[in-house]
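The file structure-v3.cif contains mmCIF, C-alpha atoms:
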```
data_query
loop_
_atom_site.label_atom_id
_atom_site.label_comp_id
_atom_site.auth_asym_id
_atom_site.auth_seq_id
_atom_site.Cartn_x
_atom_site.Cartn_y
_atom_site.Cartn_z
CA TYR A 18 0.00 0.00 0.00
CA TYR A 19 2.85 2.35 0.84
CA HIS A 20 4.48 2.07 -2.59
CA THR A 21 1.13 2.12 -4.39
CA ALA A 22 0.12 5.32 -2.60
CA ARG A 23 3.40 6.98 -3.56
CA ARG A 24 3.15 5.84 -7.18
CA ARG A 25 -0.47 6.95 -7.56
CA ALA A 26 0.24 10.34 -6.01
CA GLU A 27 3.15 10.85 -8.42
CA GLU A 28 1.08 9.72 -11.41
CA GLN A 29 -1.83 12.00 -10.54
CA GLY A 30 0.17 14.99 -9.33
CA ALA A 31 -1.35 14.58 -5.87
CA VAL A 32 0.19 15.17 -2.47
CA TRP A 33 1.64 12.07 -0.86
CA ALA A 34 1.61 12.51 2.91
CA ASN A 35 4.19 9.73 3.49
CA GLN A 36 3.10 9.18 7.07
CA PHE A 37 6.08 6.89 7.78
CA GLU A 38 8.84 9.39 6.95
CA ASN A 39 7.06 12.73 7.29
CA THR A 40 8.00 13.80 10.82
CA ALA A 41 4.96 16.07 11.04
CA ASN A 42 3.36 12.80 12.19
CA ALA A 43 5.59 12.53 15.29
CA ASP A 44 5.46 16.30 15.77
CA ALA A 45 1.66 16.15 16.11
CA HIS A 46 1.98 13.58 18.91
CA GLU A 47 4.82 15.48 20.57
CA GLN A 48 2.80 18.68 20.57
CA GLY A 49 -0.63 17.11 21.12
CA THR A 50 -0.86 13.56 22.45
CA GLY A 51 2.02 13.69 24.94
CA PRO A 52 1.04 17.01 26.57
CA GLU A 53 -2.61 15.90 26.62
CA ILE A 54 -1.67 12.72 28.50
CA TRP A 55 0.41 14.75 30.95
CA GLN A 56 -2.40 17.25 31.52
CA GLN A 57 -5.16 14.68 31.92
CA THR A 58 -3.15 12.73 34.51
CA ASP A 59 -1.94 15.84 36.36
CA GLY A 60 1.59 14.68 35.60
CA LYS A 61 1.12 11.36 37.39
CA VAL A 62 2.63 9.18 34.68
CA ASP A 63 5.03 6.40 35.56
CA GLY A 64 4.85 4.43 32.32
CA PHE A 65 3.70 4.78 28.72
CA ILE A 66 3.43 2.02 26.12
CA CYS A 67 2.19 1.63 22.59
CA SER A 68 2.85 -0.31 19.44
CA ALA A 69 4.26 1.24 16.29
CA GLY A 70 3.28 1.26 12.66
CA THR A 71 4.50 4.55 11.25
CA GLY A 72 6.19 5.28 14.59
CA GLY A 73 4.56 8.69 14.88
CA THR A 74 2.67 8.12 18.11
CA ILE A 75 5.49 6.48 20.04
CA GLY A 76 8.08 8.80 18.50
CA GLY A 77 6.25 11.97 19.49
CA ALA A 78 4.48 11.00 22.69
CA SER A 79 7.58 9.43 24.26
CA ARG A 80 9.60 12.58 23.54
CA ALA A 81 6.93 14.81 25.07
CA LEU A 82 6.58 12.67 28.19
CA LYS A 83 10.36 12.38 28.67
CA ALA A 84 10.62 16.17 28.32
CA LYS A 85 8.17 16.51 31.21
CA SER A 86 9.95 13.89 33.35
CA ALA A 87 12.91 11.67 32.52
CA ALA A 88 11.53 9.21 35.09
CA VAL A 89 8.59 8.25 32.84
CA GLN A 90 9.29 4.77 31.51
CA CYS A 91 8.41 4.56 27.79
CA TYR A 92 8.09 1.13 26.18
CA LEU A 93 7.21 -0.43 22.86
CA ILE A 94 4.93 -3.46 22.52
CA ASP A 95 5.77 -5.24 19.27
CA PRO A 96 4.16 -8.20 17.48
CA GLY A 97 6.01 -11.16 16.03
CA GLY A 98 7.48 -10.60 12.58
CA SER A 99 8.41 -7.01 13.34
CA SER A 100 12.01 -5.82 13.75
CA LEU A 101 11.33 -3.03 16.23
CA TYR A 102 11.60 -5.22 19.35
CA ALA A 103 15.08 -6.38 18.26
CA HIS A 104 16.05 -2.81 17.39
CA VAL A 105 15.16 -1.53 20.86
CA THR A 106 16.53 -4.48 22.83
CA ALA A 107 19.57 -5.53 20.76
CA GLY A 108 20.25 -2.81 18.18
CA THR A 109 19.52 -5.12 15.24
CA LEU A 110 16.73 -5.40 12.71
CA ASP A 111 16.23 -9.13 13.23
CA SER A 112 12.72 -10.46 13.28
CA GLU A 113 11.25 -13.79 14.18
CA GLY A 114 7.87 -15.34 13.68
CA GLY A 115 4.88 -13.57 12.28
CA SER A 116 1.59 -12.05 13.28
CA PHE A 117 -1.86 -11.52 11.84
CA ILE A 118 -2.30 -8.20 13.68
CA GLU A 119 -2.74 -5.52 11.03
CA GLY A 120 -1.42 -1.98 11.00
CA ILE A 121 1.48 -2.37 13.41
CA GLY A 122 4.96 -3.80 13.33
CA ILE A 123 7.49 -3.08 10.64
CA LYS A 124 10.91 -4.27 9.51
CA ARG A 125 12.64 -0.91 9.21
CA ILE A 126 13.24 2.20 11.26
CA THR A 127 11.10 5.07 10.05
CA ALA A 128 12.01 8.71 10.56
CA ASN A 129 9.12 8.95 13.03
CA PHE A 130 10.13 5.88 15.06
CA ALA A 131 13.76 7.04 15.14
CA ARG A 132 12.61 9.97 17.28
CA ALA A 133 11.26 7.71 20.05
CA GLN A 134 12.86 7.86 23.48
CA LEU A 135 12.38 4.35 24.79
CA ASP A 136 13.46 2.52 27.92
CA GLY A 137 12.69 -0.90 26.53
CA ALA A 138 10.34 -3.14 24.58
CA PHE A 139 8.09 -6.13 25.07
CA ARG A 140 7.11 -8.75 22.56
CA GLY A 141 3.42 -9.58 22.34
CA ASN A 142 2.09 -12.60 20.52
CA ASP A 143 -1.14 -13.36 18.71
CA ASN A 144 -2.42 -15.72 21.43
CA GLU A 145 -2.04 -13.06 24.14
CA THR A 146 -3.73 -10.55 21.87
CA ILE A 147 -6.74 -12.75 21.10
CA GLU A 148 -7.12 -13.63 24.79
CA MET A 149 -7.10 -9.90 25.55
CA VAL A 150 -9.74 -9.20 22.88
CA TYR A 151 -12.11 -11.68 24.53
CA TRP A 152 -11.23 -10.67 28.09
CA LEU A 153 -11.96 -6.99 27.41
CA LEU A 154 -15.22 -7.84 25.67
CA LYS A 155 -16.40 -10.12 28.49
CA ASN A 156 -15.18 -8.06 31.46
CA ASP A 157 -15.35 -4.45 30.25
CA GLY A 158 -17.74 -4.55 27.30
CA LEU A 159 -15.01 -3.25 24.99
CA PHE A 160 -14.90 -4.62 21.46
CA LEU A 161 -11.39 -3.94 20.20
CA GLY A 162 -9.33 -4.96 17.22
CA GLY A 163 -5.97 -6.66 17.30
CA SER A 164 -3.69 -3.64 17.50
CA ALA A 165 -5.66 -2.06 20.36
CA ALA A 166 -5.71 -5.39 22.21
CA LEU A 167 -1.94 -5.77 21.73
CA ASN A 168 -1.50 -2.34 23.32
CA CYS A 169 -3.54 -3.61 26.29
CA VAL A 170 -1.28 -6.68 26.49
CA GLY A 171 1.65 -4.26 26.59
CA ALA A 172 0.02 -2.21 29.34
CA VAL A 173 -0.35 -5.32 31.48
CA LYS A 174 3.31 -6.24 30.91
CA LEU A 175 4.50 -2.73 31.73
CA ALA A 176 2.25 -2.48 34.80
CA ARG A 177 3.71 -5.75 36.11
CA LYS A 178 7.23 -4.44 35.50
CA LEU A 179 6.58 -1.10 37.23
CA GLY A 180 4.73 -2.65 40.19
CA ARG A 181 1.74 -1.70 42.32
CA GLY A 182 0.76 1.92 42.78
CA LYS A 183 2.22 3.11 39.48
CA THR A 184 0.26 4.81 36.72
CA CYS A 185 0.73 3.02 33.42
CA LEU A 186 -0.83 4.41 30.24
CA LEU A 187 -1.28 3.00 26.79
CA TYR A 188 -2.17 4.79 23.63
CA THR A 189 -4.08 3.22 20.81
CA SER A 190 -5.47 4.72 17.68
CA THR A 191 -7.17 3.49 14.55
CA CYS A 192 -5.69 6.16 12.33
CA CYS A 193 -2.05 6.59 13.12
CA GLY A 194 1.10 4.76 14.13
#
```
Could you render the structure from this file as structure tokens?
Amino acid sequence: YYHTARRRAEEQGAVWANQFENTANADAHEQGTGPEIWQQTDGKVDGFICSAGTGGTIGGASRALKAKSAAVQCYLIDPGGSSLYAHVTAGTLDSEGGSFIEGIGIKRITANFARAQLDGAFRGNDNETIEMVYWLLKNDGLFLGGSAALNCVGAVKLARKLGRGKTCLLYTSTCCG
């Protein structure tokens, strides 16, 4: 889809937003999402986690939260088949396995993701994600898709890492990475 969008924009003389490499994506989250999280929690943020597609959300929001407090722990939750977990934890672009979760995970570092200020990463798998989809539907009445459920899996993992009494936030969106 990425290459098709670029090609069609060039053929038709249209604007190609290039949401993966156009850092206005991360800027919007640095200037909007991150400060909004900080404001709505009265600055009581111990941890932040989200997955990455374009990398805009995690790239911008992590920078904004770290600017408010270096103590905020910012983490990535990454599905199988993506290279971002290995990039954060080992500095490589290795990937293993695969995932059916759409819209997240990638095998390269985008300009938006490169801006992220991360303390670590977790791997989430399809089984955990599907279990979370059903758990949230049964217990909270929330009907979520795979990427949102994976973010919830990540929030549980980060909350367990941070321990009791900590405020752990996740961000999920249907329109951006």
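With distances restricted to all atoms listed in the file, A:Tyr188 is the closest residue to His46 (chain A) from A:Tyr188, A:His104, A:Trp152, A:Ala31.
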Would you translate the PyMOL selection byres ((chain A and resi 143) around 9) into the concrete set of residues it matches in this file, as a PyMOL selection string? chain A and resi 96-97+115-118+141-142+144-148+163+167
Expanded to explicit residues, what is the PyMOL selection byres ((chain A and resi 119-128) around 9) for this file, as number ranges by chain? A: 37-40, 43, 68-73, 76, 95-101, 104, 110-112, 116-118, 129-132, 163-164, 191, 193-194
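Residue nearest Val89 (chain A), chosen from A:Met149, A:Ala172, A:Leu186, A:Val32 and counting only C-alpha atoms: A:Leu186.
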So which residues get picked by the PyMOL selection byres ((chain A and resi 19) around 10) here, written as a PyMOL selection string? chain A and resi 18+20-24+33+35-37
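Here CA of Gly137 (chain A) stands at a distance of 6.6 Å from CA of Leu93 (chain A).
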Best match for closeness to Cys67 (chain A) among A:Ala107, A:Leu187, A:Ala34, A:Ala138, counting all atoms listed in the file: A:Leu187
Correct to one decimal, the distance CA of Val105 (chain A)-CA of Tyr151 (chain A) is 29.3 Å
What separates CA of Ala133 (chain A) and CA of Ala78 (chain A) is a distance of 8.0 Å
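Between Glu47 (chain A) and the residues A:Leu159, A:Leu179, A:Ala81, A:Cys91, the shortest atom-to-atom distance, using only C-alpha atoms, involves A:Ala81.
For the residues A:Gly158, A:Gly180, A:Gly171, A:Gly114, ranking by smallest atom-to-atom distance to Ile94 (chain A) using all atoms listed in the file places A:Gly171 first.
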Quick one: region 122-136 of chain A with all heavy atoms, as a JSON list (two decimals), in the first residue's frame?
```
[["chain", "number", "residue", "atom", "x", "y", "z"],
["A", 122, "GLY", "N", 3.79, -2.97, 13.58],
["A", 122, "GLY", "CA", 4.96, -3.80, 13.33],
["A", 122, "GLY", "C", 5.53, -3.50, 11.96],
["A", 122, "GLY", "O", 4.79, -3.28, 11.00],
["A", 123, "ILE", "N", 6.83, -3.44, 11.89],
["A", 123, "ILE", "CA", 7.49, -3.08, 10.64],
["A", 123, "ILE", "C", 8.92, -3.62, 10.70],
["A", 123, "ILE", "O", 9.42, -3.94, 11.77],
["A", 123, "ILE", "CB", 7.45, -1.54, 10.44],
["A", 123, "ILE", "CG1", 7.82, -1.14, 9.03],
["A", 123, "ILE", "CG2", 8.26, -0.84, 11.49],
["A", 123, "ILE", "CD1", 7.51, 0.32, 8.73],
["A", 124, "LYS", "N", 9.55, -3.72, 9.56],
["A", 124, "LYS", "CA", 10.91, -4.27, 9.51],
["A", 124, "LYS", "C", 11.94, -3.23, 9.11],
["A", 124, "LYS", "O", 12.95, -3.54, 8.50],
["A", 124, "LYS", "CB", 10.95, -5.46, 8.55],
["A", 124, "LYS", "CG", 10.16, -6.64, 9.05],
["A", 124, "LYS", "CD", 10.28, -7.83, 8.14],
["A", 124, "LYS", "CE", 9.48, -8.98, 8.73],
["A", 124, "LYS", "NZ", 9.49, -10.15, 7.85],
["A", 125, "ARG", "N", 11.68, -1.99, 9.46],
["A", 125, "ARG", "CA", 12.64, -0.91, 9.21],
["A", 125, "ARG", "C", 12.39, 0.20, 10.22],
["A", 125, "ARG", "O", 11.35, 0.25, 10.86],
["A", 125, "ARG", "CB", 12.53, -0.37, 7.79],
["A", 125, "ARG", "CG", 11.21, 0.31, 7.49],
["A", 125, "ARG", "CD", 11.14, 0.72, 6.01],
["A", 125, "ARG", "NE", 9.86, 1.26, 5.65],
["A", 125, "ARG", "CZ", 9.54, 2.54, 5.68],
["A", 125, "ARG", "NH1", 10.43, 3.43, 6.04],
["A", 125, "ARG", "NH2", 8.35, 2.95, 5.32],
["A", 126, "ILE", "N", 13.37, 1.07, 10.34],
["A", 126, "ILE", "CA", 13.24, 2.20, 11.26],
["A", 126, "ILE", "C", 12.79, 3.41, 10.45],
["A", 126, "ILE", "O", 13.50, 3.87, 9.56],
["A", 126, "ILE", "CB", 14.58, 2.50, 11.97],
["A", 126, "ILE", "CG1", 15.09, 1.25, 12.67],
["A", 126, "ILE", "CG2", 14.42, 3.66, 12.95],
["A", 126, "ILE", "CD1", 14.11, 0.61, 13.63],
["A", 127, "THR", "N", 11.60, 3.89, 10.74],
["A", 127, "THR", "CA", 11.10, 5.07, 10.05],
["A", 127, "THR", "C", 11.65, 6.33, 10.70],
["A", 127, "THR", "O", 12.13, 6.29, 11.84],
["A", 127, "THR", "CB", 9.56, 5.11, 10.11],
["A", 127, "THR", "OG1", 9.16, 5.31, 11.48],
["A", 127, "THR", "CG2", 8.93, 3.83, 9.56],
["A", 128, "ALA", "N", 11.56, 7.43, 10.00],
["A", 128, "ALA", "CA", 12.01, 8.71, 10.56],
["A", 128, "ALA", "C", 11.22, 9.05, 11.82],
["A", 128, "ALA", "O", 11.76, 9.62, 12.77],
["A", 128, "ALA", "CB", 11.86, 9.82, 9.53],
["A", 129, "ASN", "N", 9.95, 8.68, 11.85],
["A", 129, "ASN", "CA", 9.12, 8.95, 13.03],
["A", 129, "ASN", "C", 9.52, 8.07, 14.21],
["A", 129, "ASN", "O", 9.66, 8.55, 15.33],
["A", 129, "ASN", "CB", 7.64, 8.75, 12.68],
["A", 129, "ASN", "CG", 7.11, 9.88, 11.84],
["A", 129, "ASN", "OD1", 7.05, 11.01, 12.28],
["A", 129, "ASN", "ND2", 6.74, 9.57, 10.60],
["A", 130, "PHE", "N", 9.74, 6.78, 13.97],
["A", 130, "PHE", "CA", 10.13, 5.88, 15.06],
["A", 130, "PHE", "C", 11.51, 6.23, 15.59],
["A", 130, "PHE", "O", 11.77, 6.10, 16.78],
["A", 130, "PHE", "CB", 10.08, 4.41, 14.61],
["A", 130, "PHE", "CG", 10.33, 3.45, 15.74],
["A", 130, "PHE", "CD1", 9.30, 3.10, 16.59],
["A", 130, "PHE", "CD2", 11.59, 2.94, 15.96],
["A", 130, "PHE", "CE1", 9.53, 2.23, 17.65],
["A", 130, "PHE", "CE2", 11.83, 2.07, 17.02],
["A", 130, "PHE", "CZ", 10.79, 1.72, 17.86],
["A", 131, "ALA", "N", 12.39, 6.69, 14.72],
["A", 131, "ALA", "CA", 13.76, 7.04, 15.14],
["A", 131, "ALA", "C", 13.76, 8.13, 16.19],
["A", 131, "ALA", "O", 14.74, 8.27, 16.94],
["A", 131, "ALA", "CB", 14.58, 7.46, 13.93],
["A", 132, "ARG", "N", 12.70, 8.88, 16.31],
["A", 132, "ARG", "CA", 12.61, 9.97, 17.28],
["A", 132, "ARG", "C", 12.19, 9.49, 18.67],
["A", 132, "ARG", "O", 12.26, 10.24, 19.64],
["A", 132, "ARG", "CB", 11.63, 11.01, 16.78],
["A", 132, "ARG", "CG", 12.10, 11.62, 15.45],
["A", 132, "ARG", "CD", 11.12, 12.56, 14.87],
["A", 132, "ARG", "NE", 11.20, 13.82, 15.60],
["A", 132, "ARG", "CZ", 10.45, 14.87, 15.33],
["A", 132, "ARG", "NH1", 9.58, 14.82, 14.36],
["A", 132, "ARG", "NH2", 10.57, 15.97, 16.03],
["A", 133, "ALA", "N", 11.76, 8.23, 18.77],
["A", 133, "ALA", "CA", 11.26, 7.71, 20.05],
["A", 133, "ALA", "C", 12.35, 7.68, 21.11],
["A", 133, "ALA", "O", 13.52, 7.42, 20.81],
["A", 133, "ALA", "CB", 10.69, 6.31, 19.85],
["A", 134, "GLN", "N", 11.97, 7.95, 22.33],
["A", 134, "GLN", "CA", 12.86, 7.86, 23.48],
["A", 134, "GLN", "C", 12.33, 6.73, 24.36],
["A", 134, "GLN", "O", 11.42, 6.93, 25.16],
["A", 134, "GLN", "CB", 12.91, 9.19, 24.23],
["A", 134, "GLN", "CG", 13.54, 10.28, 23.40],
["A", 134, "GLN", "CD", 13.63, 11.60, 24.13],
["A", 134, "GLN", "OE1", 13.28, 11.72, 25.29],
["A", 134, "GLN", "NE2", 14.11, 12.61, 23.45],
["A", 135, "LEU", "N", 12.91, 5.55, 24.17],
["A", 135, "LEU", "CA", 12.38, 4.35, 24.79],
["A", 135, "LEU", "C", 13.32, 3.77, 25.83],
["A", 135, "LEU", "O", 14.53, 3.84, 25.69],
["A", 135, "LEU", "CB", 12.11, 3.29, 23.71],
["A", 135, "LEU", "CG", 11.10, 3.71, 22.64],
["A", 135, "LEU", "CD1", 10.99, 2.64, 21.57],
["A", 135, "LEU", "CD2", 9.75, 3.99, 23.27],
["A", 136, "ASP", "N", 12.72, 3.20, 26.85],
["A", 136, "ASP", "CA", 13.46, 2.52, 27.92],
["A", 136, "ASP", "C", 13.51, 1.03, 27.69],
["A", 136, "ASP", "O", 14.27, 0.33, 28.35],
["A", 136, "ASP", "CB", 12.81, 2.83, 29.27],
["A", 136, "ASP", "CG", 12.89, 4.31, 29.59],
["A", 136, "ASP", "OD1", 14.00, 4.79, 29.85],
["A", 136, "ASP", "OD2", 11.84, 4.98, 29.53]]
```
